[in-house]
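Structure file upload_28.pdb with PDB, C-alpha atoms, pLDDT in the B column:
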ATOM      1  CA  MET A   9      65.059 -60.844 -27.799  1.00 75.00           C
ATOM      2  CA  LEU A  10      64.530 -64.135 -26.037  1.00 85.00           C
ATOM      3  CA  GLY A  11      63.539 -62.837 -22.613  1.00 87.00           C
ATOM      4  CA  ILE A  12      64.184 -60.652 -19.595  1.00 87.00           C
ATOM      5  CA  VAL A  13      66.994 -61.303 -17.120  1.00 88.00           C
ATOM      6  CA  LEU A  14      65.522 -61.335 -13.632  1.00 89.00           C
ATOM      7  CA  PRO A  15      67.355 -60.061 -10.534  1.00 86.00           C
ATOM      8  CA  ASN A  16      68.156 -63.682  -9.582  1.00 85.00           C
ATOM      9  CA  LYS A  17      70.065 -64.032 -12.901  1.00 85.00           C
ATOM     10  CA  THR A  18      67.548 -66.346 -14.551  1.00 87.00           C
ATOM     11  CA  VAL A  19      65.663 -65.675 -17.770  1.00 90.00           C
ATOM     12  CA  ALA A  20      61.916 -65.070 -17.972  1.00 89.00           C
ATOM     13  CA  TYR A  21      61.097 -65.973 -21.555  1.00 86.00           C
ATOM     14  CA  ALA A  22      59.119 -63.676 -23.811  1.00 87.00           C
ATOM     15  CA  ASP A  23      55.817 -65.069 -25.042  1.00 84.00           C
ATOM     16  CA  GLN A  24      56.882 -64.551 -28.638  1.00 83.00           C
ATOM     17  CA  ARG A  25      59.983 -63.816 -30.648  1.00 81.00           C
ATOM     18  CA  TYR A  26      60.814 -60.116 -30.629  1.00 82.00           C
ATOM     19  CA  LYS A  27      63.138 -58.718 -33.253  1.00 83.00           C
ATOM     20  CA  LEU A  28      64.872 -55.465 -32.482  1.00 81.00           C
ATOM     21  CA  ASN A  29      65.550 -52.884 -35.136  1.00 82.00           C
ATOM     22  CA  ALA A  30      68.605 -50.626 -35.199  1.00 83.00           C
ATOM     23  CA  ALA A  31      66.792 -47.744 -33.474  1.00 87.00           C
ATOM     24  CA  GLN A  32      65.658 -49.977 -30.603  1.00 82.00           C
ATOM     25  CA  ALA A  33      69.154 -51.402 -30.190  1.00 78.00           C
ATOM     26  CA  GLU A  34      70.622 -47.892 -30.131  1.00 81.00           C
ATOM     27  CA  GLU A  35      68.060 -46.776 -27.537  1.00 83.00           C
ATOM     28  CA  MET A  36      69.063 -49.677 -25.274  1.00 79.00           C
ATOM     29  CA  ARG A  37      72.686 -48.541 -25.373  1.00 78.00           C
ATOM     30  CA  HIS A  38      71.729 -45.172 -23.833  1.00 79.00           C
ATOM     31  CA  HIS A  39      70.716 -46.632 -20.475  1.00 74.00           C
ATOM     32  CA  GLU A  40      73.179 -46.856 -17.612  1.00 67.00           C
ATOM     33  CA  MET A  41      72.826 -50.632 -17.539  1.00 70.00           C
ATOM     34  CA  SER A  42      74.047 -52.781 -20.409  1.00 78.00           C
ATOM     35  CA  PRO A  43      71.266 -54.438 -22.437  1.00 80.00           C
ATOM     36  CA  GLU A  44      72.759 -57.839 -21.606  1.00 79.00           C
ATOM     37  CA  LYS A  45      72.066 -57.270 -17.907  1.00 78.00           C
ATOM     38  CA  ARG A  46      68.395 -56.657 -18.669  1.00 82.00           C
ATOM     39  CA  PHE A  47      67.673 -58.930 -21.611  1.00 84.00           C
ATOM     40  CA  ARG A  48      68.723 -62.251 -23.076  1.00 85.00           C
ATOM     41  CA  PHE A  49      69.174 -62.042 -26.819  1.00 84.00           C
ATOM     42  CA  SER A  50      69.343 -64.701 -29.464  1.00 86.00           C
ATOM     43  CA  SER A  51      70.666 -64.618 -32.978  1.00 86.00           C
ATOM     44  CA  PRO A  52      71.239 -67.145 -35.732  1.00 88.00           C
ATOM     45  CA  CYS A  53      74.190 -69.422 -35.053  1.00 90.00           C
ATOM     46  CA  ALA A  54      77.336 -68.241 -36.848  1.00 92.00           C
ATOM     47  CA  GLN A  55      78.860 -71.731 -36.536  1.00 91.00           C
ATOM     48  CA  CYS A  56      82.532 -71.621 -37.538  1.00 88.00           C
ATOM     49  CA  GLY A  57      82.353 -67.814 -37.588  1.00 91.00           C
ATOM     50  CA  CYS A  58      81.982 -67.813 -33.786  1.00 92.00           C
ATOM     51  CA  LYS A  59      84.821 -68.224 -31.300  1.00 93.00           C
ATOM     52  CA  GLN A  60      82.600 -70.594 -29.282  1.00 92.00           C
ATOM     53  CA  TRP A  61      82.211 -73.036 -32.195  1.00 93.00           C
ATOM     54  CA  VAL A  62      84.006 -76.337 -31.665  1.00 92.00           C
ATOM     55  CA  GLU A  63      84.954 -78.478 -34.653  1.00 89.00           C
ATOM     56  CA  GLY A  64      84.777 -82.207 -34.069  1.00 79.00           C
ATOM     57  CA  GLU A  65      84.601 -85.633 -35.679  1.00 71.00           C
ATOM     58  CA  SER A  66      80.877 -85.328 -36.371  1.00 72.00           C
ATOM     59  CA  GLY A  67      81.029 -81.735 -37.578  1.00 78.00           C
ATOM     60  CA  GLY A  68      80.871 -78.734 -35.306  1.00 90.00           C
ATOM     61  CA  LYS A  69      78.906 -77.742 -32.252  1.00 94.00           C
ATOM     62  CA  CYS A  70      78.326 -74.828 -29.922  1.00 94.00           C
ATOM     63  CA  GLY A  71      80.817 -74.909 -27.082  1.00 94.00           C
ATOM     64  CA  VAL A  72      78.672 -72.690 -24.852  1.00 93.00           C
ATOM     65  CA  ILE A  73      75.909 -75.222 -24.240  1.00 95.00           C
ATOM     66  CA  GLU A  74      78.459 -78.016 -23.936  1.00 94.00           C
ATOM     67  CA  GLU A  75      80.234 -76.063 -21.187  1.00 93.00           C
ATOM     68  CA  VAL A  76      76.958 -75.256 -19.425  1.00 92.00           C
ATOM     69  CA  LEU A  77      75.878 -78.890 -19.464  1.00 93.00           C
ATOM     70  CA  ALA A  78      79.286 -79.993 -18.162  1.00 93.00           C
ATOM     71  CA  THR A  79      78.886 -77.691 -15.147  1.00 89.00           C
ATOM     72  CA  PRO A  80      76.965 -79.302 -12.285  1.00 87.00           C
ATOM     73  CA  LEU A  81      73.860 -77.322 -11.417  1.00 81.00           C
ATOM     74  CA  PRO A  82      72.295 -77.576  -7.966  1.00 80.00           C
ATOM     75  CA  GLU A  83      69.619 -80.283  -7.811  1.00 81.00           C
ATOM     76  CA  PHE A  84      66.964 -77.852  -6.532  1.00 78.00           C
ATOM     77  CA  LEU A  85      66.933 -75.839  -9.773  1.00 76.00           C
ATOM     78  CA  PRO A  86      63.856 -76.590 -11.889  1.00 77.00           C
ATOM     79  CA  ARG A  87      64.621 -78.605 -15.002  1.00 76.00           C
ATOM     80  CA  THR A  88      61.249 -78.242 -16.694  1.00 79.00           C
ATOM     81  CA  LEU A  89      61.117 -77.087 -20.295  1.00 84.00           C
ATOM     82  CA  PRO A  90      60.090 -73.458 -20.597  1.00 84.00           C
ATOM     83  CA  GLU A  91      57.801 -72.112 -23.270  1.00 87.00           C
ATOM     84  CA  CYS A  92      60.228 -70.871 -25.897  1.00 90.00           C
ATOM     85  CA  ALA A  93      59.604 -68.930 -29.085  1.00 89.00           C
ATOM     86  CA  ILE A  94      62.864 -69.952 -30.785  1.00 91.00           C
ATOM     87  CA  ARG A  95      63.081 -73.688 -30.008  1.00 92.00           C
ATOM     88  CA  PRO A  96      62.512 -74.838 -33.627  1.00 91.00           C
ATOM     89  CA  GLN A  97      65.538 -72.790 -34.769  1.00 91.00           C
ATOM     90  CA  CYS A  98      67.633 -73.005 -31.597  1.00 94.00           C
ATOM     91  CA  ARG A  99      71.204 -74.271 -32.117  1.00 95.00           C
ATOM     92  CA  TRP A 100      71.335 -75.530 -28.526  1.00 95.00           C
ATOM     93  CA  PHE A 101      68.069 -77.470 -28.876  1.00 95.00           C
ATOM     94  CA  LEU A 102      69.140 -78.917 -32.216  1.00 94.00           C
ATOM     95  CA  GLN A 103      72.445 -79.943 -30.662  1.00 94.00           C
ATOM     96  CA  ARG A 104      71.382 -81.268 -27.235  1.00 94.00           C
ATOM     97  CA  GLY A 105      67.577 -81.392 -27.237  1.00 94.00           C
ATOM     98  CA  GLU A 106      65.543 -81.066 -24.062  1.00 92.00           C
ATOM     99  CA  GLU A 107      68.700 -81.257 -21.950  1.00 91.00           C
ATOM    100  CA  ALA A 108      69.764 -77.864 -23.354  1.00 93.00           C
ATOM    101  CA  CYS A 109      66.295 -76.359 -22.864  1.00 91.00           C
ATOM    102  CA  SER A 110      66.228 -77.413 -19.233  1.00 89.00           C
ATOM    103  CA  VAL A 111      69.276 -75.270 -18.387  1.00 90.00           C
ATOM    104  CA  CYS A 112      68.863 -72.429 -20.877  1.00 91.00           C
ATOM    105  CA  ARG A 113      67.106 -70.116 -18.381  1.00 90.00           C
ATOM    106  CA  TYR A 114      70.275 -70.131 -16.252  1.00 88.00           C
ATOM    107  CA  VAL A 115      72.512 -68.799 -19.023  1.00 90.00           C
ATOM    108  CA  VAL A 116      72.998 -65.031 -18.928  1.00 86.00           C
ATOM    109  CA  THR A 117      75.610 -63.044 -20.804  1.00 78.00           C
ATOM    110  CA  ASP A 118      76.440 -60.269 -18.364  1.00 69.00           C
ATOM    111  CA  THR A 119      76.989 -61.657 -14.881  1.00 58.00           C
ATOM    112  CA  ALA A 120      78.706 -58.609 -13.378  1.00 59.00           C
ATOM    113  CA  VAL A 121      77.232 -57.395 -10.126  1.00 54.00           C
ATOM    114  CA  MET A 122      74.660 -54.640 -10.619  1.00 52.00           C
ATOM    115  CA  THR A 123      75.248 -51.193  -9.250  1.00 55.00           C
ATOM    116  CA  GLU A 124      72.522 -49.534  -7.168  1.00 58.00           C
ATOM    117  CA  ALA A 125      71.602 -47.327 -10.153  1.00 60.00           C
ATOM    118  CA  GLU A 126      71.229 -50.394 -12.396  1.00 51.00           C
ATOM    119  CA  ALA A 127      69.038 -52.170  -9.849  1.00 53.00           C
ATOM    120  CA  ALA A 128      66.868 -49.051  -9.537  1.00 57.00           C
ATOM    121  CA  GLU A 129      66.496 -48.931 -13.318  1.00 55.00           C
ATOM    122  CA  LEU A 130      65.211 -52.522 -13.309  1.00 50.00           C
ATOM    123  CA  VAL A 131      62.317 -51.662 -11.038  1.00 49.00           C
ATOM    124  CA  ALA A 132      61.545 -48.321 -12.703  1.00 50.00           C
TER     125      ALA A 132
END
Using the file provided, produce a representation of the structure as structure tokens.
Amino acid sequence: MLGIVLPNKTVAYADQRYKLNAAQAEEMRHHEMSPEKRFRFSSPCAQCGCKQWVEGESGGKCGVIEEVLATPLPEFLPRTLPECAIRPQCRWFLQRGEEACSVCRYVVTDTAVMTEAEAAELVA
């Protein structure tokens, strides 16, 4: 687990790398809210085994961070580098460096609007 998704749809990074076991992952599935609405996860890059992988002249790259960086973000959003427990192994950092880190906190998987029950579970 990389961090917690805040109500404003940004990521608050965990102070260390947390690995979930099968029992913890199963427990997360039993809540009304999907784990992706509450947490941001990371996993080793699957490269060409991932539908987001883009082959190119200089090898392949992750299309997700390329798409994020191609999308204009409002100027008022902080672009400072967060403390990050996975940076040395991060595909996005290896691919785009500090530029990727500066926008990473704005990338969340599940962007569907929360129900009232899901919002209540966040504060519980």
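If all atoms listed in the file are the atoms counted, then among A:Glu74, A:Arg25, A:Gln103, A:Glu91 the closest residue to A:Arg48 is A:Arg25.
Here atom CA of A:Glu44 is placed at a distance of 15.1 Å from atom CA of A:Tyr26.
When you apply the PyMOL selection byres ((chain A and resi 116) around 9) to this structure, what comes back is Val13, Lys17, Thr18, Val19, Glu44, Lys45, Phe47, Arg48, Cys112, Arg113, Tyr114, Val115, Thr117, Asp118 and Thr119 of chain A.
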Output for the residues just chosen: C-alpha atoms as a PDB file, keeping the file's coordinate frame:
ATOM      1  CA  VAL A  13      66.994 -61.303 -17.120  1.00 88.00           C
ATOM      2  CA  LYS A  17      70.065 -64.032 -12.901  1.00 85.00           C
ATOM      3  CA  THR A  18      67.548 -66.346 -14.551  1.00 87.00           C
ATOM      4  CA  VAL A  19      65.663 -65.675 -17.770  1.00 90.00           C
ATOM      5  CA  GLU A  44      72.759 -57.839 -21.606  1.00 79.00           C
ATOM      6  CA  LYS A  45      72.066 -57.270 -17.907  1.00 78.00           C
ATOM      7  CA  PHE A  47      67.673 -58.930 -21.611  1.00 84.00           C
ATOM      8  CA  ARG A  48      68.723 -62.251 -23.076  1.00 85.00           C
ATOM      9  CA  CYS A 112      68.863 -72.429 -20.877  1.00 91.00           C
ATOM     10  CA  ARG A 113      67.106 -70.116 -18.381  1.00 90.00           C
ATOM     11  CA  TYR A 114      70.275 -70.131 -16.252  1.00 88.00           C
ATOM     12  CA  VAL A 115      72.512 -68.799 -19.023  1.00 90.00           C
ATOM     13  CA  THR A 117      75.610 -63.044 -20.804  1.00 78.00           C
ATOM     14  CA  ASP A 118      76.440 -60.269 -18.364  1.00 69.00           C
ATOM     15  CA  THR A 119      76.989 -61.657 -14.881  1.00 58.00           C
TER      16      THR A 119
END
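Between atom CA of A:Ser50 and atom CA of A:Asp23 lies a distance of 14.2 Å.
A distance cut-off of 12 Å around (78.5, -70.0, -35.6), counting only C-alpha atoms, selects these protein and nucleic acid residues: Ser51, Pro52, Cys53, Ala54, Gln55, Cys56, Gly57, Cys58, Lys59, Gln60, Trp61, Val62, Glu63, Gly68, Lys69, Cys70, Gly71, Val72, Cys98, Arg99 and Trp100 of chain A.
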Keeping only C-alpha atoms, write the selected residues as a PDB file, keeping the file's coordinate frame.
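Now in selection.pdb:
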ATOM      1  CA  SER A  51      70.666 -64.618 -32.978  1.00 86.00           C
ATOM      2  CA  PRO A  52      71.239 -67.145 -35.732  1.00 88.00           C
ATOM      3  CA  CYS A  53      74.190 -69.422 -35.053  1.00 90.00           C
ATOM      4  CA  ALA A  54      77.336 -68.241 -36.848  1.00 92.00           C
ATOM      5  CA  GLN A  55      78.860 -71.731 -36.536  1.00 91.00           C
ATOM      6  CA  CYS A  56      82.532 -71.621 -37.538  1.00 88.00           C
ATOM      7  CA  GLY A  57      82.353 -67.814 -37.588  1.00 91.00           C
ATOM      8  CA  CYS A  58      81.982 -67.813 -33.786  1.00 92.00           C
ATOM      9  CA  LYS A  59      84.821 -68.224 -31.300  1.00 93.00           C
ATOM     10  CA  GLN A  60      82.600 -70.594 -29.282  1.00 92.00           C
ATOM     11  CA  TRP A  61      82.211 -73.036 -32.195  1.00 93.00           C
ATOM     12  CA  VAL A  62      84.006 -76.337 -31.665  1.00 92.00           C
ATOM     13  CA  GLU A  63      84.954 -78.478 -34.653  1.00 89.00           C
ATOM     14  CA  GLY A  68      80.871 -78.734 -35.306  1.00 90.00           C
ATOM     15  CA  LYS A  69      78.906 -77.742 -32.252  1.00 94.00           C
ATOM     16  CA  CYS A  70      78.326 -74.828 -29.922  1.00 94.00           C
ATOM     17  CA  GLY A  71      80.817 -74.909 -27.082  1.00 94.00           C
ATOM     18  CA  VAL A  72      78.672 -72.690 -24.852  1.00 93.00           C
ATOM     19  CA  CYS A  98      67.633 -73.005 -31.597  1.00 94.00           C
ATOM     20  CA  ARG A  99      71.204 -74.271 -32.117  1.00 95.00           C
ATOM     21  CA  TRP A 100      71.335 -75.530 -28.526  1.00 95.00           C
TER      22      TRP A 100
END
* How many Å separate atom CA of A:Gly105 from atom CA of A:Met9? -> 20.7 Å
* Asked: For A:Glu83, which of A:Glu34, A:Val111, A:Arg95, A:Glu106 is the closest residue, counting all atoms listed in the file?
  -> A:Val111
* To do: Return as number ranges by chain the set of residues that the PyMOL selection byres ((chain A and resi 21) around 7) yields on the displayed structure.
  => A: 10-12, 19-20, 22-23, 92
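If you measure from each of A:Leu102, A:Ala108, A:Leu14, A:Leu28 to A:Glu75 using all atoms listed in the file, the closest one turns out to be A:Ala108.
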